[in-house]
$ cat upload22.tsv   # TSV, C-alpha atoms
chain	number	residue	atom	x	y	z
A	1	MET	CA	-79.77	3.36	9.23
A	2	LEU	CA	-81.31	1.28	6.45
A	3	THR	CA	-84.57	1.72	4.60
A	4	VAL	CA	-86.86	-1.29	4.14
A	5	ILE	CA	-85.76	-1.76	0.51
A	6	GLU	CA	-82.07	-1.44	1.43
A	7	ALA	CA	-82.51	-4.02	4.21
A	8	ILE	CA	-84.18	-6.53	1.89
A	9	ILE	CA	-81.58	-6.10	-0.87
A	10	LEU	CA	-78.64	-6.44	1.54
A	11	GLY	CA	-80.17	-9.51	3.17
A	12	ILE	CA	-80.59	-11.19	-0.21
A	13	VAL	CA	-77.02	-10.34	-1.26
A	14	GLN	CA	-75.63	-11.71	2.01
A	15	GLY	CA	-77.75	-14.87	1.88
A	16	ILE	CA	-76.55	-15.72	-1.60
A	17	ALA	CA	-72.93	-14.54	-1.42
A	18	GLU	CA	-71.98	-16.06	1.97
A	19	TRP	CA	-71.53	-19.57	0.58
A	20	LEU	CA	-69.42	-18.47	-2.37
A	21	PRO	CA	-65.70	-17.63	-2.17
A	22	ILE	CA	-66.29	-14.03	-3.29
A	23	SER	CA	-66.53	-12.17	0.07
A	24	SER	CA	-70.13	-11.57	1.09
A	25	GLU	CA	-68.84	-8.83	3.39
A	26	GLY	CA	-67.09	-7.19	0.45
A	27	MET	CA	-70.20	-7.50	-1.73
A	28	THR	CA	-72.60	-6.00	0.84
A	29	THR	CA	-70.08	-3.26	1.65
A	30	LEU	CA	-69.71	-2.39	-2.04
A	31	VAL	CA	-73.50	-2.22	-2.40
A	32	MET	CA	-73.85	0.04	0.66
A	33	ILE	CA	-71.06	2.38	-0.47
A	34	ASN	CA	-71.77	2.58	-4.20
A	35	VAL	CA	-75.55	2.08	-4.38
A	36	PHE	CA	-76.86	3.34	-1.05
A	37	GLY	CA	-74.24	6.07	-0.49
A	38	LYS	CA	-73.04	4.84	2.92
A	39	SER	CA	-69.53	5.38	4.27
A	40	LEU	CA	-67.12	2.52	4.98
A	41	THR	CA	-67.48	3.19	8.71
A	42	GLU	CA	-71.27	2.82	8.44
A	43	SER	CA	-71.13	-0.15	6.08
A	44	LEU	CA	-68.68	-2.49	7.79
A	45	PRO	CA	-70.61	-3.06	11.07
A	46	MET	CA	-73.79	-3.74	9.08
A	47	ALA	CA	-71.93	-6.13	6.77
A	48	ILE	CA	-70.72	-8.05	9.81
A	49	TRP	CA	-74.21	-7.97	11.37
A	50	LEU	CA	-75.69	-9.58	8.24
A	51	HIS	CA	-73.52	-12.63	8.88
A	52	THR	CA	-75.78	-13.43	11.83
A	53	GLY	CA	-78.51	-14.37	9.37
A	54	THR	CA	-76.30	-16.79	7.47
A	55	LEU	CA	-74.89	-18.06	10.78
A	56	LEU	CA	-78.43	-19.18	11.62
A	57	SER	CA	-78.72	-20.76	8.17
A	58	ALA	CA	-75.50	-22.71	8.69
A	59	THR	CA	-76.66	-23.78	12.15
A	60	VAL	CA	-79.86	-25.23	10.70
A	61	TYR	CA	-78.06	-26.90	7.78
A	62	PHE	CA	-75.32	-28.46	9.94
A	63	ARG	CA	-77.60	-29.28	12.88
A	64	ASN	CA	-76.64	-32.97	12.89
A	65	GLU	CA	-72.90	-32.20	12.96
A	66	LEU	CA	-73.47	-29.65	15.72
A	67	LYS	CA	-75.49	-32.15	17.79
A	68	GLU	CA	-72.57	-34.58	17.55
A	69	ILE	CA	-70.11	-31.87	18.64
A	70	PHE	CA	-72.25	-30.97	21.66
A	71	ARG	CA	-72.47	-34.65	22.64
A	72	GLU	CA	-68.67	-34.81	22.67
A	73	ILE	CA	-68.13	-31.63	24.73
A	74	PRO	CA	-68.56	-33.26	28.21
A	75	GLY	CA	-65.90	-35.86	27.37
A	76	PHE	CA	-63.58	-33.19	26.06
A	77	ILE	CA	-63.99	-31.08	29.21
A	78	LYS	CA	-63.40	-34.12	31.42
A	79	TYR	CA	-60.21	-35.39	29.73
A	80	ARG	CA	-58.95	-32.25	27.91
A	81	ASN	CA	-56.87	-34.38	25.58
A	82	LEU	CA	-56.03	-32.36	22.47
A	83	GLN	CA	-54.75	-35.48	20.72
A	84	ASN	CA	-57.94	-37.54	21.18
A	85	LYS	CA	-59.29	-38.29	17.71
A	86	ASP	CA	-62.88	-38.23	19.02
A	87	HIS	CA	-62.42	-34.55	19.89
A	88	THR	CA	-60.58	-33.47	16.74
A	89	LEU	CA	-63.34	-31.22	15.44
A	90	ILE	CA	-63.96	-29.60	18.85
A	91	VAL	CA	-60.28	-28.74	19.23
A	92	PHE	CA	-60.18	-27.45	15.65
A	93	LEU	CA	-63.13	-25.11	16.22
A	94	ILE	CA	-61.90	-23.83	19.61
A	95	ILE	CA	-58.36	-23.04	18.45
A	96	SER	CA	-59.38	-21.60	15.09
A	97	THR	CA	-62.04	-19.37	16.70
A	98	LEU	CA	-59.60	-18.02	19.31
A	99	LEU	CA	-57.00	-17.19	16.67
A	100	THR	CA	-59.63	-15.66	14.40
A	101	GLY	CA	-60.57	-13.28	17.21
A	102	ILE	CA	-56.95	-12.39	17.97
A	103	VAL	CA	-56.23	-11.57	14.32
A	104	GLY	CA	-59.64	-10.24	13.31
A	105	LEU	CA	-60.38	-7.78	16.13
A	106	PRO	CA	-57.49	-5.38	15.35
A	107	LEU	CA	-58.40	-5.53	11.66
A	108	ILE	CA	-62.04	-4.67	12.37
A	109	LEU	CA	-60.95	-1.72	14.53
A	110	PHE	CA	-58.54	-0.64	11.78
A	111	ALA	CA	-61.18	-0.82	9.05
A	112	THR	CA	-63.95	0.91	11.01
A	113	GLY	CA	-61.52	3.66	12.01
A	114	TRP	CA	-60.89	4.76	8.44
A	115	ALA	CA	-63.77	7.22	8.33
A	116	GLU	CA	-61.84	9.36	5.88
A	117	PHE	CA	-61.90	6.63	3.25
A	118	SER	CA	-63.86	7.94	0.30
A	119	GLY	CA	-66.32	5.57	-1.36
A	120	LYS	CA	-64.00	5.21	-4.36
A	121	LEU	CA	-60.92	4.53	-2.25
A	122	ALA	CA	-62.76	1.97	-0.11
A	123	THR	CA	-64.03	0.27	-3.28
A	124	ALA	CA	-60.49	0.09	-4.72
A	125	PHE	CA	-59.15	-1.33	-1.44
A	126	ILE	CA	-61.85	-4.00	-1.42
A	127	GLY	CA	-61.01	-4.71	-5.06
A	128	LEU	CA	-57.36	-5.39	-4.18
A	129	LEU	CA	-58.44	-7.88	-1.53
A	130	LEU	CA	-60.82	-9.58	-3.96
A	131	VAL	CA	-57.96	-10.04	-6.44
A	132	PHE	CA	-55.83	-11.51	-3.63
A	133	THR	CA	-58.61	-13.96	-2.75
A	134	GLY	CA	-58.95	-15.05	-6.38
A	135	LEU	CA	-55.21	-15.64	-6.76
A	136	LEU	CA	-55.18	-17.67	-3.54
A	137	GLN	CA	-57.98	-19.87	-4.90
A	138	ILE	CA	-56.02	-20.53	-8.10
A	139	THR	CA	-52.98	-21.62	-6.07
A	140	ALA	CA	-55.07	-23.85	-3.79
A	141	ALA	CA	-56.82	-25.56	-6.69
A	142	LYS	CA	-53.49	-26.97	-7.89
A	143	ARG	CA	-52.81	-28.89	-4.69
A	144	ALA	CA	-53.46	-32.58	-4.13
A	145	GLU	CA	-56.50	-33.45	-2.00
A	146	LYS	CA	-56.13	-36.25	0.53
A	147	LYS	CA	-56.56	-35.21	4.20
A	148	THR	CA	-59.90	-35.65	5.97
A	149	GLU	CA	-59.23	-34.77	9.65
A	150	PRO	CA	-57.79	-31.44	10.85
A	151	ALA	CA	-54.65	-31.56	12.99
A	152	LEU	CA	-53.52	-28.97	15.57
A	153	LYS	CA	-51.33	-27.24	12.99
A	154	ASP	CA	-54.31	-26.91	10.66
A	155	SER	CA	-56.33	-25.29	13.47
A	156	PHE	CA	-53.68	-22.62	14.01
A	157	ILE	CA	-53.13	-21.88	10.33
A	158	VAL	CA	-56.81	-21.74	9.33
A	159	GLY	CA	-57.75	-19.75	12.43
A	160	ILE	CA	-55.19	-17.10	11.58
A	161	THR	CA	-56.25	-16.88	7.93
A	162	GLN	CA	-59.94	-16.67	8.89
A	163	GLY	CA	-59.08	-13.62	10.99
A	164	PHE	CA	-58.11	-11.73	7.83
A	165	ALA	CA	-61.72	-12.09	6.61
A	166	ALA	CA	-62.51	-9.20	8.98
A	167	LEU	CA	-61.34	-7.00	6.08
A	168	PRO	CA	-64.12	-6.42	3.52
A	169	GLY	CA	-63.07	-8.00	0.24
A	170	VAL	CA	-61.36	-11.00	1.85
A	171	SER	CA	-63.85	-13.83	1.53
A	172	ARG	CA	-64.15	-15.81	4.77
A	173	SER	CA	-65.24	-18.94	2.94
A	174	GLY	CA	-62.80	-18.28	0.10
A	175	ILE	CA	-59.73	-17.82	2.29
A	176	THR	CA	-60.54	-20.69	4.68
A	177	VAL	CA	-61.44	-23.17	1.93
A	178	SER	CA	-58.34	-22.16	-0.03
A	179	THR	CA	-56.16	-22.60	3.06
A	180	LEU	CA	-57.66	-26.03	3.77
A	181	LEU	CA	-57.07	-27.05	0.15
A	182	LEU	CA	-53.47	-25.85	0.48
A	183	ARG	CA	-53.29	-28.09	3.57
A	184	ASN	CA	-54.30	-31.00	1.29
A	185	PHE	CA	-57.88	-31.47	2.43
A	186	GLN	CA	-60.52	-32.85	0.12
A	187	ALA	CA	-62.78	-30.16	-1.33
A	188	SER	CA	-65.94	-31.52	0.34
A	189	ASP	CA	-64.26	-31.61	3.76
A	190	ALA	CA	-62.72	-28.16	3.25
A	191	LEU	CA	-66.20	-26.73	2.58
A	192	LYS	CA	-67.73	-28.46	5.60
A	193	PHE	CA	-64.98	-27.36	8.00
A	194	SER	CA	-65.08	-23.83	6.61
A	195	PHE	CA	-68.82	-23.43	7.19
A	196	LEU	CA	-68.67	-25.03	10.64
A	197	MET	CA	-65.89	-22.57	11.52
A	198	SER	CA	-68.16	-19.68	10.56
A	199	ILE	CA	-70.67	-20.42	13.33
A	200	PRO	CA	-68.54	-19.74	16.45
A	201	ALA	CA	-66.44	-17.09	14.66
A	202	VAL	CA	-69.44	-15.01	13.59
A	203	LEU	CA	-71.11	-15.47	16.99
A	204	VAL	CA	-68.02	-14.12	18.78
A	205	ALA	CA	-67.71	-11.26	16.27
A	206	GLU	CA	-71.32	-10.19	16.82
A	207	ILE	CA	-70.92	-10.25	20.61
A	208	GLY	CA	-67.71	-8.21	20.31
A	209	MET	CA	-69.20	-5.66	17.92
A	210	GLY	CA	-72.22	-5.23	20.18
A	211	ALA	CA	-70.04	-4.83	23.28
A	212	MET	CA	-67.98	-2.13	21.55
A	213	GLY	CA	-71.08	-0.22	20.49
A	214	PHE	CA	-70.60	-0.63	16.75
A	215	LEU	CA	-74.01	-2.20	16.14
A	216	THR	CA	-77.30	-0.31	16.19
A	217	ILE	CA	-80.12	-2.83	15.96
A	218	ASP	CA	-83.49	-1.58	14.74
A	219	ALA	CA	-86.47	-3.02	12.87
A	220	ASN	CA	-84.83	-2.72	9.44
A	221	SER	CA	-81.54	-4.30	10.54
A	222	LEU	CA	-83.60	-7.23	11.87
A	223	LEU	CA	-85.43	-7.35	8.53
A	224	ALA	CA	-82.07	-7.54	6.74
A	225	LEU	CA	-81.02	-10.36	9.06
A	226	PHE	CA	-84.25	-12.26	8.30
A	227	PHE	CA	-83.71	-12.06	4.54
A	228	ALA	CA	-80.06	-13.11	4.95
A	229	PHE	CA	-81.27	-16.17	6.89
A	230	LEU	CA	-84.07	-16.94	4.42
A	231	PHE	CA	-81.92	-16.75	1.30
A	232	GLY	CA	-79.05	-18.46	3.12
A	233	ILE	CA	-81.16	-21.50	3.97
A	234	LEU	CA	-82.62	-21.58	0.44
A	235	THR	CA	-79.22	-21.50	-1.29
A	236	ILE	CA	-76.65	-23.20	0.96
A	237	ASP	CA	-77.11	-26.75	-0.35
A	238	VAL	CA	-77.10	-25.67	-3.99
A	239	PHE	CA	-74.04	-23.47	-3.64
A	240	ILE	CA	-72.02	-26.00	-1.66
A	241	LYS	CA	-72.44	-28.37	-4.60
A	242	VAL	CA	-71.67	-25.60	-7.11
A	243	ALA	CA	-68.60	-24.41	-5.18
A	244	GLU	CA	-67.09	-27.89	-5.34
A	245	LYS	CA	-67.09	-27.77	-9.14
A	246	PHE	CA	-67.06	-24.13	-10.27
A	247	ASP	CA	-63.96	-21.93	-10.47
A	248	PHE	CA	-64.85	-18.66	-8.73
A	249	SER	CA	-61.29	-17.35	-8.81
A	250	LYS	CA	-61.81	-15.60	-12.16
A	251	PHE	CA	-65.00	-13.95	-10.89
A	252	CYS	CA	-63.15	-12.71	-7.80
A	253	ILE	CA	-60.27	-11.32	-9.84
A	254	GLY	CA	-62.58	-9.76	-12.44
A	255	LEU	CA	-64.77	-8.06	-9.84
A	256	GLY	CA	-61.66	-6.91	-7.99
A	257	LEU	CA	-60.12	-5.39	-11.11
A	258	LEU	CA	-63.39	-3.60	-11.95
A	259	SER	CA	-63.50	-2.20	-8.40
A	260	ILE	CA	-59.92	-0.94	-8.74
A	261	LEU	CA	-60.65	0.52	-12.20
A	262	ALA	CA	-63.65	2.41	-10.78
A	263	TYR	CA	-61.22	4.41	-8.62
A	264	PHE	CA	-59.64	5.97	-11.69
A	265	LEU	CA	-62.91	6.77	-13.51

$ encode --input "upload22.tsv" --output "structure tokens"
Amino acid sequence: MLTVIEAIILGIVQGIAEWLPISSEGMTTLVMINVFGKSLTESLPMAIWLHTGTLLSATVYFRNELKEIFREIPGFIKYRNLQNKDHTLIVFLIISTLLTGIVGLPLILFATGWAEFSGKLATAFIGLLLVFTGLLQITAAKRAEKKTEPALKDSFIVGITQGFAALPGVSRSGITVSTLLLRNFQASDALKFSFLMSIPAVLVAEIGMGAMGFLTIDANSLLALFFAFLFGILTIDVFIKVAEKFDFSKFCIGLGLLSILAYFL
């Protein structure tokens, strides 16, 4: 259970960190473990819950793209042609979301089952995953950028990689944007596709977590969600522009190494 102050702080952290390739889930989990004294088992469901706030932010920000997708759904259902270029984005989101669930669900169950993780060990584990994310970003940044439309193969690959973001410390935006860059997408398109992918993926994750009884929703968890939404909507446009130009890989690696070092101190 969160206090009012804890809920506000976590909502702000989530709202700011979600758009950056530094793992908002890892950041909120680290705050809950190291500042608020929560266990990993307590922290992970709340970290996932906070994504609902930024899901709503992304829905508002990409409302025009989502309207266009919904207009195309009847035609997709009628013809069910996976190769139709008019339905490329719908197919991409459906396939990537399904694969995210297949990969992500076992990882969520694995992570929430490690009740015996000490705070220091969980922090070091998250640190390792942050370093991995940073190294992946460095590799992706070296690739040429030229594709603008996702193909079926891209849907499968990015869906699988997004599933690994169920682990705290693996940035959902970081790993999906890096994968899209490795698939030779332009940076602006990689960011757009990544954030659109977050909407159905997070929605499915929240439904699944609720069905399995991991989430306990009370007034303070709703307060945290509100602040995640508020700061998400205030920062998404700025950070999308910043993320196109700024190298966050060094920040990821540095924070990861500090988290690992904390285990030995």

$ closest_residue --input "upload22.tsv" --among "A:Ile253, A:Leu196, A:Ile8, A:Lys38" --to "Thr97 of chain A" --atoms "only C-alpha atoms"
A:Leu196

$ atom_distance --input "upload22.tsv" --atom1 "atom CA of Pro106 of chain A" --atom2 "atom CA of Thr139 of chain A"
27.3 Å

$ atom_distance --input "upload22.tsv" --atom1 "atom CA of Val202 of chain A" --atom2 "atom CA of Trp49 of chain A"
8.8 Å

$ atom_distance --input "upload22.tsv" --atom1 "atom CA of Thr100 of chain A" --atom2 "atom CA of Asp237 of chain A"
25.4 Å

$ residues_around --input "upload22.tsv" --residues "Ile94 of chain A" --least-positions-apart "4" --cutoff "9 Å" --atoms "only C-alpha atoms" --output "tab-separated table (two decimals) with C-alpha atoms, keeping the file's coordinate frame"
chain	number	residue	atom	x	y	z
A	89	LEU	CA	-63.34	-31.22	15.44
A	90	ILE	CA	-63.96	-29.60	18.85
A	98	LEU	CA	-59.60	-18.02	19.31
A	99	LEU	CA	-57.00	-17.19	16.67
A	155	SER	CA	-56.33	-25.29	13.47
A	200	PRO	CA	-68.54	-19.74	16.45

$ residues_around --input "upload22.tsv" --residues "Lys153 of chain A" --least-positions-apart "2" --cutoff "12 Å" --atoms "all atoms listed in the file" --output "CSV table (one decimal) with C-alpha atoms, keeping the file's coordinate frame"
chain,number,residue,atom,x,y,z
A,82,LEU,CA,-56.0,-32.4,22.5
A,83,GLN,CA,-54.8,-35.5,20.7
A,88,THR,CA,-60.6,-33.5,16.7
A,91,VAL,CA,-60.3,-28.7,19.2
A,92,PHE,CA,-60.2,-27.4,15.6
A,95,ILE,CA,-58.4,-23.0,18.4
A,96,SER,CA,-59.4,-21.6,15.1
A,149,GLU,CA,-59.2,-34.8,9.6
A,150,PRO,CA,-57.8,-31.4,10.8
A,151,ALA,CA,-54.6,-31.6,13.0
A,155,SER,CA,-56.3,-25.3,13.5
A,156,PHE,CA,-53.7,-22.6,14.0
A,157,ILE,CA,-53.1,-21.9,10.3
A,158,VAL,CA,-56.8,-21.7,9.3
A,159,GLY,CA,-57.8,-19.8,12.4
A,160,ILE,CA,-55.2,-17.1,11.6
A,179,THR,CA,-56.2,-22.6,3.1
A,180,LEU,CA,-57.7,-26.0,3.8
A,183,ARG,CA,-53.3,-28.1,3.6

$ closest_residue --input "upload22.tsv" --among "A:Gln137, A:Ser259, A:Thr52, A:Ser188" --to "Phe227 of chain A" --atoms "only C-alpha atoms"
A:Thr52

$ residues_around --input "upload22.tsv" --residues "segment 163-168 of chain A" --least-positions-apart "2" --cutoff "8 Å" --atoms "all atoms listed in the file" --output "ChimeraX atom specification"
/A:23,25-26,29,44,99-105,107-108,111,126,129,159-161,170-172,175

$ closest_residue --input "upload22.tsv" --among "A:Met1, A:Met46, A:Ser178, A:Ala7" --to "Glu206 of chain A" --atoms "all atoms listed in the file"
A:Met46

$ decode --input "upload22.tsv" --residues "segment 20-45 of chain A" --atoms "N, CA and C atoms" --output "PDB file, in the first residue's frame"
ATOM      1  N   LEU A  20      11.317   7.949 -22.044  1.00  0.00           N
ATOM      2  CA  LEU A  20      12.761   7.863 -22.229  1.00  0.00           C
ATOM      3  C   LEU A  20      13.207   6.404 -22.208  1.00  0.00           C
ATOM      4  N   PRO A  21      14.243   6.070 -22.974  1.00  0.00           N
ATOM      5  CA  PRO A  21      14.705   4.675 -23.033  1.00  0.00           C
ATOM      6  C   PRO A  21      15.531   4.277 -21.826  1.00  0.00           C
ATOM      7  N   ILE A  22      14.974   4.490 -20.607  1.00  0.00           N
ATOM      8  CA  ILE A  22      15.732   4.184 -19.393  1.00  0.00           C
ATOM      9  C   ILE A  22      14.950   3.280 -18.441  1.00  0.00           C
ATOM     10  N   SER A  23      13.854   2.693 -18.892  1.00  0.00           N
ATOM     11  CA  SER A  23      13.026   1.780 -18.109  1.00  0.00           C
ATOM     12  C   SER A  23      12.305   2.492 -16.970  1.00  0.00           C
ATOM     13  N   SER A  24      11.109   2.993 -17.271  1.00  0.00           N
ATOM     14  CA  SER A  24      10.292   3.613 -16.228  1.00  0.00           C
ATOM     15  C   SER A  24       9.926   2.581 -15.159  1.00  0.00           C
ATOM     16  N   GLU A  25       9.704   1.342 -15.587  1.00  0.00           N
ATOM     17  CA  GLU A  25       9.392   0.277 -14.634  1.00  0.00           C
ATOM     18  C   GLU A  25      10.569   0.045 -13.694  1.00  0.00           C
ATOM     19  N   GLY A  26      11.781   0.042 -14.266  1.00  0.00           N
ATOM     20  CA  GLY A  26      12.978  -0.114 -13.447  1.00  0.00           C
ATOM     21  C   GLY A  26      13.161   1.050 -12.489  1.00  0.00           C
ATOM     22  N   MET A  27      12.890   2.281 -12.971  1.00  0.00           N
ATOM     23  CA  MET A  27      13.065   3.460 -12.132  1.00  0.00           C
ATOM     24  C   MET A  27      12.074   3.458 -10.965  1.00  0.00           C
ATOM     25  N   THR A  28      10.790   3.198 -11.252  1.00  0.00           N
ATOM     26  CA  THR A  28       9.797   3.199 -10.170  1.00  0.00           C
ATOM     27  C   THR A  28      10.048   2.037  -9.202  1.00  0.00           C
ATOM     28  N   THR A  29      10.494   0.901  -9.727  1.00  0.00           N
ATOM     29  CA  THR A  29      10.805  -0.235  -8.859  1.00  0.00           C
ATOM     30  C   THR A  29      11.983   0.085  -7.951  1.00  0.00           C
ATOM     31  N   LEU A  30      13.020   0.717  -8.502  1.00  0.00           N
ATOM     32  CA  LEU A  30      14.176   1.106  -7.692  1.00  0.00           C
ATOM     33  C   LEU A  30      13.764   2.082  -6.598  1.00  0.00           C
ATOM     34  N   VAL A  31      12.900   3.033  -6.926  1.00  0.00           N
ATOM     35  CA  VAL A  31      12.435   3.999  -5.923  1.00  0.00           C
ATOM     36  C   VAL A  31      11.657   3.283  -4.819  1.00  0.00           C
ATOM     37  N   MET A  32      10.761   2.369  -5.204  1.00  0.00           N
ATOM     38  CA  MET A  32       9.961   1.667  -4.192  1.00  0.00           C
ATOM     39  C   MET A  32      10.815   0.798  -3.287  1.00  0.00           C
ATOM     40  N   ILE A  33      11.841   0.141  -3.872  1.00  0.00           N
ATOM     41  CA  ILE A  33      12.688  -0.752  -3.075  1.00  0.00           C
ATOM     42  C   ILE A  33      13.646   0.026  -2.180  1.00  0.00           C
ATOM     43  N   ASN A  34      14.332   1.014  -2.776  1.00  0.00           N
ATOM     44  CA  ASN A  34      15.427   1.673  -2.067  1.00  0.00           C
ATOM     45  C   ASN A  34      15.016   2.904  -1.273  1.00  0.00           C
ATOM     46  N   VAL A  35      13.913   3.546  -1.638  1.00  0.00           N
ATOM     47  CA  VAL A  35      13.470   4.745  -0.928  1.00  0.00           C
ATOM     48  C   VAL A  35      12.299   4.447  -0.002  1.00  0.00           C
ATOM     49  N   PHE A  36      11.342   3.641  -0.514  1.00  0.00           N
ATOM     50  CA  PHE A  36      10.131   3.385   0.269  1.00  0.00           C
ATOM     51  C   PHE A  36      10.163   2.043   0.997  1.00  0.00           C
ATOM     52  N   GLY A  37      11.242   1.259   0.813  1.00  0.00           N
ATOM     53  CA  GLY A  37      11.405   0.019   1.559  1.00  0.00           C
ATOM     54  C   GLY A  37      10.455  -1.105   1.176  1.00  0.00           C
ATOM     55  N   LYS A  38       9.962  -1.099  -0.075  1.00  0.00           N
ATOM     56  CA  LYS A  38       9.070  -2.166  -0.536  1.00  0.00           C
ATOM     57  C   LYS A  38       9.899  -3.350  -1.038  1.00  0.00           C
ATOM     58  N   SER A  39       9.266  -4.514  -1.113  1.00  0.00           N
ATOM     59  CA  SER A  39       9.924  -5.685  -1.693  1.00  0.00           C
ATOM     60  C   SER A  39       9.719  -5.682  -3.204  1.00  0.00           C
ATOM     61  N   LEU A  40      10.484  -6.512  -3.917  1.00  0.00           N
ATOM     62  CA  LEU A  40      10.314  -6.621  -5.363  1.00  0.00           C
ATOM     63  C   LEU A  40       8.917  -7.137  -5.693  1.00  0.00           C
ATOM     64  N   THR A  41       8.412  -8.078  -4.912  1.00  0.00           N
ATOM     65  CA  THR A  41       7.084  -8.639  -5.151  1.00  0.00           C
ATOM     66  C   THR A  41       5.998  -7.582  -5.012  1.00  0.00           C
ATOM     67  N   GLU A  42       6.162  -6.665  -4.057  1.00  0.00           N
ATOM     68  CA  GLU A  42       5.211  -5.568  -3.889  1.00  0.00           C
ATOM     69  C   GLU A  42       5.367  -4.526  -4.987  1.00  0.00           C
ATOM     70  N   SER A  43       6.613  -4.273  -5.392  1.00  0.00           N
ATOM     71  CA  SER A  43       6.910  -3.151  -6.272  1.00  0.00           C
ATOM     72  C   SER A  43       6.517  -3.407  -7.718  1.00  0.00           C
ATOM     73  N   LEU A  44       6.741  -4.614  -8.210  1.00  0.00           N
ATOM     74  CA  LEU A  44       6.550  -4.874  -9.634  1.00  0.00           C
ATOM     75  C   LEU A  44       5.102  -4.681 -10.084  1.00  0.00           C
ATOM     76  N   PRO A  45       4.098  -5.228  -9.389  1.00  0.00           N
ATOM     77  CA  PRO A  45       2.712  -4.975  -9.828  1.00  0.00           C
ATOM     78  C   PRO A  45       2.365  -3.494  -9.843  1.00  0.00           C
TER      79      PRO A  45
END
